[in-house]
Amino acid sequence: MDRSHEYSLTERYQELSDDIAAAVAVVSARRGQAAHAITVDSFLDVSYDPPTMAVSIYSGSRMMETLEMSDHFAISVLASDQRDLSERLGASGQPLYGALGGIGNFPAPRSGQPVLDGAIAWFELRLTDILEVATHSLVVGEVIALGAGADSGKSQPLLRWRKAYGTIGPR
């Protein structure tokens with residue numbers, strides 16, 4: 001039975017948008033010498049020519065402040081065995097500095113932005129545009145380097161669906 005009349009549009013939107021399965025990734029960037037990173041599940045490829053991606057970031061967040069000060073950022077797509085990293089970097093009250101302390105990472109080849117070890121895929125981006133949309137900013141970047149993790153052919157992606165984590169079966 002459809003109970004949409006019992007909900008506000010916002011509540012119903014939140015409920016139904018949770019039915020969209022989404023890959024989980026970490027967006028990272030440097031603010032000075034310190035690395036900052038957060039978990040996201042609202043990112044997408046926008047164009048193949050030139051390769052372009054976008055990610056949705058809460059406009060009032062410290063991560064958005066970091067991105068506004070940086071010309072580059074990275075997106076690391078998480079494997080299903082990286083749930084702990086997703087939860088750690090997705091927790092509220094993350095420190096501005098030291099968020100990647102104890103988390104294996106390496107510098108992306110062109111800008112040195114941190115990329116997480118073990119990611120299924122990673123993308124290094126040059127920030128090209130920031131679009132303000134409601135409470136969030138769509139951060140758009142042109143892909144300038146990319147790669148896959150050593151086990152990416154065998155790994156399953158970490159997914160969010162209905163406020164829970166999961167994955168898909170073998171390829």
# chains A, B, ... in the order shown; residues from 1 in each chain; ligands from 1
>>> residues_around(residues="region 57-74 of chain A", least_positions_apart="2", cutoff="7 Å", atoms="only C-alpha atoms", output="ChimeraX atom specification")
/A:27-29,31,36,55,76,96,111,113-115,123-127,135-138
>>> residues_around(residues="Val26 (chain A)", least_positions_apart="3", cutoff="7 Å", atoms="only C-alpha atoms", output="ChimeraX atom specification")
/A:37-40,75-77
>>> select_by_dssp(residues="region 86-162 of chain A", states="alpha helix (DSSP H)", output="list in words")
Ser86, Glu87, Arg88, Leu89 and Gly90 of chain A
>>> atom_distance(atom1="CA of Gly93 (chain A)", atom2="CA of Asp45 (chain A)")
28.5 Å
>>> residues_around(residues="region 154-159 of chain A", least_positions_apart="4", cutoff="6 Å", atoms="only C-alpha atoms", output="PyMOL selection string")
chain A and resi 22-24+78-80+165-167
>>> write_last_selection(atoms="N, CA and C atoms", output="PDB file, in the first residue's frame")
ATOM      1  N   ALA A  22      24.388   2.527  -4.438  1.00  0.00           N
ATOM      2  CA  ALA A  22      25.465   3.422  -4.869  1.00  0.00           C
ATOM      3  C   ALA A  22      26.810   2.887  -4.414  1.00  0.00           C
ATOM      4  N   ALA A  23      27.799   3.030  -5.277  1.00  0.00           N
ATOM      5  CA  ALA A  23      29.168   2.689  -4.909  1.00  0.00           C
ATOM      6  C   ALA A  23      29.644   3.677  -3.856  1.00  0.00           C
ATOM      7  N   VAL A  24      30.536   3.211  -2.993  1.00  0.00           N
ATOM      8  CA  VAL A  24      31.077   4.046  -1.925  1.00  0.00           C
ATOM      9  C   VAL A  24      32.515   4.404  -2.286  1.00  0.00           C
ATOM     10  N   LEU A  78      35.943   2.355  -3.148  1.00  0.00           N
ATOM     11  CA  LEU A  78      36.271   1.355  -2.146  1.00  0.00           C
ATOM     12  C   LEU A  78      35.839  -0.060  -2.526  1.00  0.00           C
ATOM     13  N   ALA A  79      36.644  -1.017  -2.082  1.00  0.00           N
ATOM     14  CA  ALA A  79      36.332  -2.435  -2.229  1.00  0.00           C
ATOM     15  C   ALA A  79      35.479  -2.868  -1.043  1.00  0.00           C
ATOM     16  N   SER A  80      34.778  -3.984  -1.185  1.00  0.00           N
ATOM     17  CA  SER A  80      33.860  -4.437  -0.134  1.00  0.00           C
ATOM     18  C   SER A  80      34.562  -4.708   1.187  1.00  0.00           C
ATOM     19  N   TYR A 165      25.427  -1.446   4.210  1.00  0.00           N
ATOM     20  CA  TYR A 165      26.488  -1.797   3.267  1.00  0.00           C
ATOM     21  C   TYR A 165      26.198  -3.156   2.650  1.00  0.00           C
ATOM     22  N   GLY A 166      26.727  -3.340   1.465  1.00  0.00           N
ATOM     23  CA  GLY A 166      26.620  -4.613   0.775  1.00  0.00           C
ATOM     24  C   GLY A 166      27.583  -4.645  -0.383  1.00  0.00           C
ATOM     25  N   THR A 167      27.412  -5.610  -1.255  1.00  0.00           N
ATOM     26  CA  THR A 167      28.222  -5.719  -2.455  1.00  0.00           C
ATOM     27  C   THR A 167      27.404  -6.489  -3.477  1.00  0.00           C
TER      28      THR A 167
END
>>> closest_residue(among="A:Ser92, A:Ile20, A:Arg12, A:Gly112", to="Gly32 (chain A)", atoms="only C-alpha atoms")
A:Gly112
>>> atom_distance(atom1="CA of Ala34 (chain A)", atom2="CA of Phe106 (chain A)")
13.4 Å
>>> closest_residue(among="A:Gly90, A:Gly141, A:Gly104, A:Gly169", to="Asp117 (chain A)", atoms="only C-alpha atoms")
A:Gly104
>>> closest_residue(among="A:Lys163, A:Val140, A:Asp84, A:Ala119", to="Phe43 (chain A)", atoms="only C-alpha atoms")
A:Val140
>>> closest_residue(among="A:Met53, A:Trp161, A:Ser86, A:Leu131", to="Ala25 (chain A)", atoms="only C-alpha atoms")
A:Ser86
>>> select_by_dssp(residues="chain A", states="strand (DSSP E)", output="PyMOL selection string")
chain A and resi 22-23+25-31+34-40+43-48+51-58+72-77+105-107+114-116+121-133+136-148+159-161+164-166
